[in-house]
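Source file: query-v7.cif (mmCIF, C-alpha atoms and all ligand atoms)
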data_model
loop_
_atom_site.label_atom_id
_atom_site.label_comp_id
_atom_site.auth_asym_id
_atom_site.auth_seq_id
_atom_site.Cartn_x
_atom_site.Cartn_y
_atom_site.Cartn_z
CA MET Q 239 99.43 106.11 11.65
CA SER Q 240 98.34 104.62 14.98
CA ALA Q 241 96.09 106.46 17.43
CA LYS Q 242 97.40 108.27 20.51
CA VAL Q 243 93.99 108.30 22.16
CA ARG Q 244 92.07 105.19 23.28
CA LEU Q 245 88.39 105.50 24.06
CA TYR Q 246 85.76 103.13 25.41
CA VAL Q 247 82.42 103.45 23.60
CA ASP Q 248 79.18 101.61 24.28
CA HIS Q 249 78.49 101.08 20.59
CA PRO Q 250 79.05 98.23 18.08
CA LEU Q 251 82.39 98.37 16.27
CA GLY Q 252 83.10 96.88 12.82
CA ALA Q 253 84.36 97.71 9.34
CA GLY Q 254 82.72 100.93 8.09
CA GLN Q 255 80.74 101.36 11.33
CA SER Q 256 79.93 104.97 12.32
CA VAL Q 257 80.18 105.71 16.02
CA PRO Q 258 78.34 108.77 17.37
CA LEU Q 259 79.98 110.65 20.25
CA ASP Q 260 78.22 112.15 23.22
CA ARG Q 261 78.99 115.58 24.61
CA ASP Q 262 81.63 114.41 27.13
CA GLN Q 263 83.45 112.30 24.55
CA ALA Q 264 83.40 115.18 22.04
CA HIS Q 265 84.71 117.56 24.68
CA TYR Q 266 87.54 115.15 25.54
CA LEU Q 267 88.57 114.41 21.94
CA PHE Q 268 88.13 117.83 20.37
CA GLY Q 269 88.41 120.21 23.35
CA VAL Q 270 91.00 118.50 25.55
CA MET Q 271 93.01 116.38 23.08
CA ARG Q 272 92.54 118.91 20.23
CA LEU Q 273 91.82 116.27 17.58
CA GLY Q 274 90.28 117.37 14.29
CA PRO Q 275 88.73 115.67 11.24
CA GLY Q 276 90.88 112.80 9.93
CA ALA Q 277 92.64 112.19 13.28
CA ARG Q 278 92.95 108.59 14.49
CA VAL Q 279 91.35 107.25 17.67
CA ALA Q 280 91.52 103.67 19.01
CA LEU Q 281 88.11 102.42 20.13
CA PHE Q 282 86.97 99.40 22.13
CA ASN Q 283 83.63 98.40 23.57
CA GLY Q 284 84.48 95.29 25.59
CA ARG Q 285 82.99 93.02 22.90
CA ASP Q 286 84.48 93.66 19.44
CA GLY Q 287 88.20 94.07 20.13
CA GLU Q 288 90.04 97.31 19.38
CA TRP Q 289 89.38 99.32 16.24
CA GLN Q 290 91.23 102.20 14.65
CA ALA Q 291 88.76 104.92 13.78
CA GLU Q 292 88.95 108.31 12.09
CA VAL Q 293 87.25 111.51 13.13
CA ALA Q 294 84.54 112.05 10.51
CA GLU Q 295 82.71 114.95 12.20
CA ALA Q 296 83.96 117.08 15.08
CA GLY Q 297 81.63 119.41 16.99
CA LYS Q 298 81.38 121.00 20.43
CA ARG Q 299 78.41 118.92 21.51
CA GLY Q 300 79.05 115.75 19.55
CA GLY Q 301 80.76 114.17 16.61
CA VAL Q 302 81.15 110.99 14.61
CA LEU Q 303 84.00 108.51 14.29
CA ALA Q 304 84.29 106.01 11.44
CA CYS Q 305 85.86 102.59 12.09
CA VAL Q 306 88.69 101.78 9.66
CA ALA Q 307 90.30 98.49 10.71
CA GLN Q 308 90.55 96.18 13.71
CA SER Q 309 93.86 96.60 15.53
CA LYS Q 310 93.40 93.98 18.30
CA PRO Q 311 91.04 91.05 18.77
CA LEU Q 312 88.95 90.84 21.92
CA GLN Q 313 91.07 89.42 24.72
CA LEU Q 314 88.97 88.18 27.62
CA PRO Q 315 90.58 87.90 31.07
CA PRO Q 316 90.43 84.63 33.04
CA ASP Q 317 87.14 84.03 34.86
CA LEU Q 318 88.34 85.67 38.07
CA TRP Q 319 86.24 87.75 40.49
CA LEU Q 320 87.90 90.11 42.90
CA ILE Q 321 85.72 90.34 46.01
CA PHE Q 322 86.67 93.01 48.55
CA ALA Q 323 85.18 95.04 51.38
CA PRO Q 324 85.21 98.77 50.56
CA ILE Q 325 87.66 100.87 52.56
CA LYS Q 326 88.39 104.60 52.30
CA LYS Q 327 87.34 106.19 49.00
CA ALA Q 328 90.76 106.68 47.41
CA ARG Q 329 91.88 103.18 48.41
CA THR Q 330 88.68 101.63 47.08
CA ASP Q 331 89.22 103.49 43.79
CA PHE Q 332 92.75 102.09 43.72
CA ILE Q 333 91.53 98.51 44.19
CA VAL Q 334 89.05 98.83 41.32
CA GLU Q 335 91.63 100.43 39.02
CA LYS Q 336 94.27 97.78 39.77
CA ALA Q 337 91.79 94.90 39.45
CA ALA Q 338 90.82 96.13 35.97
CA GLU Q 339 94.46 96.54 34.93
CA MET Q 340 95.57 93.20 36.33
CA GLY Q 341 92.86 91.14 34.65
CA ALA Q 342 89.82 90.61 36.86
CA ALA Q 343 86.67 89.63 34.97
CA ARG Q 344 84.32 90.96 37.68
CA ILE Q 345 84.78 93.19 40.71
CA VAL Q 346 82.45 92.55 43.63
CA PRO Q 347 82.32 94.94 46.63
CA VAL Q 348 80.89 93.26 49.72
CA VAL Q 349 79.76 94.28 53.18
CA THR Q 350 81.35 92.11 55.87
CA GLU Q 351 80.84 92.28 59.63
CA PHE Q 352 83.75 94.68 60.10
CA THR Q 353 83.40 96.69 56.87
CA ASN Q 354 84.26 100.37 57.37
CA SER Q 355 82.24 101.80 54.54
CA GLU Q 356 78.74 100.57 53.79
CA ARG Q 357 78.17 102.82 50.78
CA ILE Q 358 79.80 102.99 47.40
CA ARG Q 359 78.97 104.80 44.16
CA GLN Q 360 78.82 101.87 41.76
CA ASP Q 361 78.67 104.17 38.70
CA ARG Q 362 81.82 106.00 39.78
CA LEU Q 363 83.69 102.74 40.40
CA GLN Q 364 82.55 101.43 37.01
CA ALA Q 365 83.91 104.60 35.40
CA HIS Q 366 87.28 103.92 37.10
CA ALA Q 367 87.30 100.42 35.59
CA VAL Q 368 86.63 101.92 32.14
CA GLU Q 369 89.47 104.45 32.53
CA ALA Q 370 91.84 101.73 33.67
CA ALA Q 371 91.00 99.62 30.60
CA GLU Q 372 91.48 102.67 28.34
CA GLN Q 373 94.93 103.37 29.65
CA CYS Q 374 96.26 99.79 29.95
CA GLY Q 375 95.44 98.71 26.38
CA GLY Q 376 92.82 96.18 27.48
CA THR Q 377 89.90 95.31 25.24
CA PHE Q 378 87.61 94.20 28.08
CA VAL Q 379 86.05 96.14 30.97
CA PRO Q 380 85.21 94.20 34.14
CA GLU Q 381 81.74 94.75 35.57
CA VAL Q 382 81.68 96.39 39.00
CA ALA Q 383 78.77 94.76 40.84
CA GLU Q 384 76.48 96.57 43.25
CA LEU Q 385 77.47 96.38 46.91
CA GLN Q 386 76.08 93.22 48.52
CA LYS Q 387 76.44 91.35 51.79
CA LEU Q 388 79.21 88.76 51.87
CA SER Q 389 76.84 86.37 53.63
CA ALA Q 390 74.29 86.70 50.80
CA LEU Q 391 76.98 86.15 48.16
CA LEU Q 392 78.10 82.99 49.97
CA ASP Q 393 74.47 81.76 50.27
CA HIS Q 394 74.37 81.51 46.46
CA TRP Q 395 78.00 80.60 45.84
CA PRO Q 396 78.42 78.78 42.48
CA LEU Q 397 79.52 75.17 43.05
CA SER Q 398 82.30 75.29 40.46
CA ARG Q 399 83.91 78.60 41.53
CA GLN Q 400 87.06 78.16 43.61
CA LEU Q 401 87.80 80.74 46.30
CA MET Q 402 91.20 82.12 47.28
CA PHE Q 403 90.39 83.23 50.81
CA CYS Q 404 93.10 85.66 51.94
CA ASP Q 405 93.00 85.35 55.70
CA GLU Q 406 95.13 87.61 57.88
CA ALA Q 407 94.93 84.97 60.65
CA GLU Q 408 97.32 82.90 58.51
CA VAL Q 409 99.99 85.62 58.52
CA GLY Q 410 103.44 84.05 58.47
CA GLN Q 411 102.20 80.61 57.41
CA ARG Q 412 103.46 79.14 54.19
CA LEU Q 413 100.10 78.62 52.61
CA PHE Q 414 99.56 79.20 48.98
CA LEU Q 415 97.86 77.56 46.07
CA ASP Q 416 100.46 74.80 45.77
CA GLU Q 417 97.94 72.05 46.13
CA VAL Q 418 95.79 73.53 43.37
CA ARG Q 419 96.24 72.01 39.93
CA ALA Q 420 96.73 74.75 37.36
CA GLU Q 421 94.78 72.96 34.62
CA PRO Q 422 92.06 73.07 33.47
CA PRO Q 423 91.26 76.73 34.12
CA ALA Q 424 88.30 76.96 36.47
CA PRO Q 425 86.22 79.93 37.62
CA TRP Q 426 87.89 81.53 40.62
CA ALA Q 427 87.41 84.37 43.08
CA ILE Q 428 89.82 86.18 45.40
CA LEU Q 429 88.44 87.46 48.71
CA ILE Q 430 90.07 90.35 50.58
CA GLY Q 431 88.70 91.56 53.90
CA PRO Q 432 88.31 95.08 55.33
CA GLU Q 433 90.72 97.00 57.59
CA GLY Q 434 89.22 95.22 60.59
CA GLY Q 435 89.72 91.78 59.04
CA PHE Q 436 87.22 88.90 59.16
CA SER Q 437 85.07 87.97 62.15
CA GLU Q 438 85.44 84.50 63.67
CA GLY Q 439 82.00 83.58 62.31
CA GLU Q 440 82.96 84.62 58.78
CA ARG Q 441 86.28 82.80 59.04
CA LYS Q 442 84.58 79.59 60.15
CA ARG Q 443 82.07 79.75 57.33
CA LEU Q 444 84.72 80.51 54.69
CA GLN Q 445 87.04 77.78 55.95
CA GLY Q 446 84.18 75.29 55.79
CA MET Q 447 83.39 75.84 52.10
CA GLU Q 448 84.65 73.04 49.89
CA GLN Q 449 85.69 75.57 47.22
CA SER Q 450 87.76 77.57 49.69
CA HIS Q 451 91.59 77.69 49.62
CA VAL Q 452 92.91 79.55 52.65
CA VAL Q 453 95.91 81.65 51.70
CA SER Q 454 98.58 83.61 53.55
CA LEU Q 455 100.11 86.64 51.87
CA GLY Q 456 103.40 86.41 53.74
CA PRO Q 457 104.78 87.30 57.16
CA ARG Q 458 103.36 90.83 57.40
CA ILE Q 459 99.78 92.11 57.57
CA LEU Q 460 99.08 94.04 54.38
CA ARG Q 461 96.61 96.86 53.94
CA ALA Q 462 93.57 95.71 52.01
CA ASP Q 463 94.61 97.57 48.82
CA THR Q 464 98.11 96.08 48.95
CA ALA Q 465 96.64 92.66 49.69
CA ALA Q 466 94.35 92.88 46.63
CA VAL Q 467 97.30 93.61 44.32
CA ALA Q 468 99.50 90.94 45.94
CA ALA Q 469 96.77 88.29 45.73
CA MET Q 470 95.97 89.07 42.10
CA THR Q 471 99.67 88.89 41.21
CA LEU Q 472 100.05 85.48 42.87
CA TRP Q 473 96.89 84.13 41.29
CA GLN Q 474 97.64 85.44 37.80
CA GLN Q 475 101.16 84.05 37.90
CA ARG Q 476 100.05 80.61 39.13
CA LEU Q 477 96.67 80.12 37.45
CA GLY Q 478 95.85 83.06 35.19
CA ASP Q 479 96.94 84.63 31.91
CA TRP Q 480 100.42 85.77 33.06
CA ARG Q 481 101.81 82.26 32.75
N1 LIG T 1 92.89 94.14 61.07
C1 LIG T 1 93.43 92.88 60.62
C2 LIG T 1 94.49 92.38 61.60
O1 LIG T 1 95.14 93.21 62.20
O2 LIG T 1 94.67 91.17 61.68
C3 LIG T 1 94.07 93.05 59.23
C4 LIG T 1 93.18 93.15 58.07
S1 LIG T 1 94.08 93.49 56.57
C5 LIG T 1 94.41 95.19 56.77
C6 LIG T 1 92.86 93.51 55.30
C7 LIG T 1 92.75 92.23 54.51
O3 LIG T 1 93.91 92.00 53.72
C8 LIG T 1 92.59 90.96 55.30
O4 LIG T 1 91.26 90.74 55.73
C9 LIG T 1 93.06 89.88 54.33
O5 LIG T 1 92.05 89.55 53.40
C10 LIG T 1 94.17 90.60 53.62
N2 LIG T 1 95.50 90.35 54.20
C11 LIG T 1 96.38 91.30 54.66
N3 LIG T 1 97.54 90.72 55.05
C12 LIG T 1 97.41 89.39 54.84
C13 LIG T 1 98.28 88.26 55.02
N4 LIG T 1 99.51 88.41 55.49
N5 LIG T 1 97.81 87.05 54.68
C14 LIG T 1 96.55 86.88 54.19
N6 LIG T 1 95.69 87.92 53.98
C15 LIG T 1 96.11 89.15 54.30
#

I need this file expressed as structure tokens, please.
Ligand code: SAM
Amino acid sequence: MSAKVRLYVDHPLGAGQSVPLDRDQAHYLFGVMRLGPGARVALFNGRDGEWQAEVAEAGKRGGVLACVAQSKPLQLPPDLWLIFAPIKKARTDFIVEKAAEMGAARIVPVVTEFTNSERIRQDRLQAHAVEAAEQCGGTFVPEVAELQKLSALLDHWPLSRQLMFCDEAEVGQRLFLDEVRAEPPAPWAILIGPEGGFSEGERKRLQGMEQSHVVSLGPRILRADTAAVAAMTLWQQRLGDWR
């Protein structure tokens, strides 16, 4: 019998391994989902793949699951960062959720010159990434980094990481990653700007980086959340694990 519920746990998983539950997890499994002893739950921790587990103890404030057998190996996404400037709360949540579903390895919120929102709750965004992985069947959860300045990120940019710079100034141009060889897989990042777009200074700096590939996302200006999904789709199809 396969599990109907998938749960992320920050605990090692393996044959015969017991997994203690905290209060929130117990409330969800036994209070909300009404599972009892013997019920099956699929577990993953981002490191050990997915495991089928059985409810061994069910209580109001806690419980214990026992791992039975591995049901999926760990599947790591390509080494892709999604870098974006936070926008309104619900749209920022959407970007994090979609990035986790679509296969980003790391999600990096940045402050740019025209960023609308200079504060985020990193813990809340990380929880969104966990929920997205739970519901999409993934065995990996991307890290959501703390908010940082784009300029500081670029100061320490890794030499080998290519950058797909989505620039609204290129709207309508036919620029994509055609010149990029698909093999071997290299570390990459996608950069999406805020509602106000990039400043001329930022654009100049980004265009001048040798790792930068300036990209147009078609003949219309997309909202940042749409642009993030469109860019990830293009990248995954051309260079990632959708091929
Ligand atoms: N306020 C800007 C303007 O009117 O030119 C638009 C910014 S857009 C809402 C937010 C971000 O999405 C941009 O900074 C860019 O990264 C990306 N984007 C949106 N449409 C794009 C397009 N057609 N080509 C490339 N990037 C695009």

Quick one: of Q:Phe332, Q:Trp289, Q:Trp473, Q:Phe322, who's nearest to His249 of chain Q, counting all atoms listed in the file? Q:Trp289

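Using all atoms listed in the file, the contacts of Asn354 of chain Q at a cut-off of 8 Å, with sequence neighbours closer than 4 positions omitted, comprise Pro324, Ile325, Lys326, Pro432, Glu433 and Gly434 of chain Q.
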
So the first atom is atom C11 of ligand LIG 1 (chain T) and the second is atom CA of Gln373 of chain Q; what is the distance between them in Å, to one decimal place?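 Computing the Euclidean distance for atom C11 of ligand LIG 1 (chain T) and atom CA of Gln373 of chain Q yields 27.8 Å.
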
Spatial neighbours of Gly254 of chain Q, max dist 7 Å, only C-alpha atoms, sep filter under 6 positions, as a VMD selection string: chain Q and resid 304 to 306

Could you produce a table of the residues of chain Q lying within 8 Å of ligand LIG 1 (chain T), with the nearest pair of atoms per residue and their separation in Å rounded to one decimal, using only C-alpha atoms and all ligand atoms, ordered by chain and increasing residue number, as JSON lines?
{"residue": "Q:Phe403", "atom": "CA", "partner": "T:LIG1", "partner_atom": "O5", "distance": 7.0}
{"residue": "Q:Cys404", "atom": "CA", "partner": "T:LIG1", "partner_atom": "N6", "distance": 4.0}
{"residue": "Q:Asp405", "atom": "CA", "partner": "T:LIG1", "partner_atom": "N6", "distance": 4.1}
{"residue": "Q:Glu406", "atom": "CA", "partner": "T:LIG1", "partner_atom": "N6", "distance": 4.0}
{"residue": "Q:Ala407", "atom": "CA", "partner": "T:LIG1", "partner_atom": "O2", "distance": 6.3}
{"residue": "Q:Glu408", "atom": "CA", "partner": "T:LIG1", "partner_atom": "N5", "distance": 5.7}
{"residue": "Q:Val409", "atom": "CA", "partner": "T:LIG1", "partner_atom": "N4", "distance": 4.1}
{"residue": "Q:Gly410", "atom": "CA", "partner": "T:LIG1", "partner_atom": "N4", "distance": 6.6}
{"residue": "Q:Leu429", "atom": "CA", "partner": "T:LIG1", "partner_atom": "O5", "distance": 6.3}
{"residue": "Q:Ile430", "atom": "CA", "partner": "T:LIG1", "partner_atom": "O5", "distance": 3.5}
{"residue": "Q:Gly431", "atom": "CA", "partner": "T:LIG1", "partner_atom": "O4", "distance": 3.3}
{"residue": "Q:Pro432", "atom": "CA", "partner": "T:LIG1", "partner_atom": "C6", "distance": 4.8}
{"residue": "Q:Glu433", "atom": "CA", "partner": "T:LIG1", "partner_atom": "C5", "distance": 4.2}
{"residue": "Q:Gly434", "atom": "CA", "partner": "T:LIG1", "partner_atom": "N1", "distance": 3.9}
{"residue": "Q:Gly435", "atom": "CA", "partner": "T:LIG1", "partner_atom": "O4", "distance": 3.8}
{"residue": "Q:Phe436", "atom": "CA", "partner": "T:LIG1", "partner_atom": "O4", "distance": 5.6}
{"residue": "Q:Val453", "atom": "CA", "partner": "T:LIG1", "partner_atom": "C14", "distance": 5.8}
{"residue": "Q:Ser454", "atom": "CA", "partner": "T:LIG1", "partner_atom": "N5", "distance": 3.7}
{"residue": "Q:Leu455", "atom": "CA", "partner": "T:LIG1", "partner_atom": "N5", "distance": 3.7}
{"residue": "Q:Gly456", "atom": "CA", "partner": "T:LIG1", "partner_atom": "N4", "distance": 4.7}
{"residue": "Q:Pro457", "atom": "CA", "partner": "T:LIG1", "partner_atom": "N4", "distance": 5.6}
{"residue": "Q:Arg458", "atom": "CA", "partner": "T:LIG1", "partner_atom": "N4", "distance": 4.9}
{"residue": "Q:Ile459", "atom": "CA", "partner": "T:LIG1", "partner_atom": "N3", "distance": 3.6}
{"residue": "Q:Leu460", "atom": "CA", "partner": "T:LIG1", "partner_atom": "N3", "distance": 3.7}
{"residue": "Q:Arg461", "atom": "CA", "partner": "T:LIG1", "partner_atom": "C5", "distance": 4.0}
{"residue": "Q:Ala462", "atom": "CA", "partner": "T:LIG1", "partner_atom": "C6", "distance": 4.0}
{"residue": "Q:Asp463", "atom": "CA", "partner": "T:LIG1", "partner_atom": "O3", "distance": 7.5}
{"residue": "Q:Thr464", "atom": "CA", "partner": "T:LIG1", "partner_atom": "O3", "distance": 7.6}
{"residue": "Q:Ala465", "atom": "CA", "partner": "T:LIG1", "partner_atom": "O3", "distance": 4.9}
{"residue": "Q:Ala466", "atom": "CA", "partner": "T:LIG1", "partner_atom": "O3", "distance": 7.2}

Could you jot down the atom CA of Asp286 of chain Q to atom CA of Ala469 of chain Q separation for me, Å, one decimal place?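 If I compute the distance from atom CA of Asp286 of chain Q to atom CA of Ala469 of chain Q, I get 29.5 Å.
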
From the set Q:Ala371, Q:Ala338, Q:Leu415, Q:Leu363, which residue has the shortest atom-to-atom contact distance to Gln475 of chain Q, counting only C-alpha atoms?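 For Gln475 of chain Q, the nearest of the candidates is Q:Leu415.
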
With N, CA and C atoms as the target, complete segment 426-438 of chain Q and hand it back as a PDB file, keeping the file's coordinate frame.
ATOM      1  N   TRP Q 426      87.284  81.259  39.321  1.00  0.00           N
ATOM      2  CA  TRP Q 426      87.890  81.530  40.620  1.00  0.00           C
ATOM      3  C   TRP Q 426      87.393  82.853  41.165  1.00  0.00           C
ATOM      4  N   ALA Q 427      87.624  83.066  42.458  1.00  0.00           N
ATOM      5  CA  ALA Q 427      87.410  84.370  43.080  1.00  0.00           C
ATOM      6  C   ALA Q 427      88.492  84.563  44.127  1.00  0.00           C
ATOM      7  N   ILE Q 428      88.898  85.818  44.312  1.00  0.00           N
ATOM      8  CA  ILE Q 428      89.820  86.180  45.400  1.00  0.00           C
ATOM      9  C   ILE Q 428      88.997  86.984  46.392  1.00  0.00           C
ATOM     10  N   LEU Q 429      89.171  86.702  47.684  1.00  0.00           N
ATOM     11  CA  LEU Q 429      88.440  87.460  48.710  1.00  0.00           C
ATOM     12  C   LEU Q 429      89.422  88.182  49.625  1.00  0.00           C
ATOM     13  N   ILE Q 430      89.248  89.501  49.719  1.00  0.00           N
ATOM     14  CA  ILE Q 430      90.070  90.350  50.580  1.00  0.00           C
ATOM     15  C   ILE Q 430      89.150  91.026  51.598  1.00  0.00           C
ATOM     16  N   GLY Q 431      89.537  90.994  52.842  1.00  0.00           N
ATOM     17  CA  GLY Q 431      88.700  91.560  53.900  1.00  0.00           C
ATOM     18  C   GLY Q 431      88.943  93.046  54.115  1.00  0.00           C
ATOM     19  N   PRO Q 432      88.184  93.633  55.043  1.00  0.00           N
ATOM     20  CA  PRO Q 432      88.310  95.080  55.330  1.00  0.00           C
ATOM     21  C   PRO Q 432      89.465  95.355  56.300  1.00  0.00           C
ATOM     22  N   GLU Q 433      89.652  96.624  56.652  1.00  0.00           N
ATOM     23  CA  GLU Q 433      90.720  97.000  57.590  1.00  0.00           C
ATOM     24  C   GLU Q 433      90.644  96.191  58.877  1.00  0.00           C
ATOM     25  N   GLY Q 434      89.418  95.939  59.335  1.00  0.00           N
ATOM     26  CA  GLY Q 434      89.220  95.220  60.590  1.00  0.00           C
ATOM     27  C   GLY Q 434      89.364  93.713  60.467  1.00  0.00           C
ATOM     28  N   GLY Q 435      89.569  93.218  59.257  1.00  0.00           N
ATOM     29  CA  GLY Q 435      89.720  91.780  59.040  1.00  0.00           C
ATOM     30  C   GLY Q 435      88.384  91.038  59.101  1.00  0.00           C
ATOM     31  N   PHE Q 436      88.436  89.718  59.134  1.00  0.00           N
ATOM     32  CA  PHE Q 436      87.220  88.900  59.160  1.00  0.00           C
ATOM     33  C   PHE Q 436      86.825  88.574  60.594  1.00  0.00           C
ATOM     34  N   SER Q 437      85.529  88.402  60.818  1.00  0.00           N
ATOM     35  CA  SER Q 437      85.070  87.970  62.150  1.00  0.00           C
ATOM     36  C   SER Q 437      85.304  86.461  62.258  1.00  0.00           C
ATOM     37  N   GLU Q 438      85.248  85.953  63.483  1.00  0.00           N
ATOM     38  CA  GLU Q 438      85.440  84.500  63.670  1.00  0.00           C
ATOM     39  C   GLU Q 438      84.348  83.710  62.953  1.00  0.00           C
TER      40      GLU Q 438
END
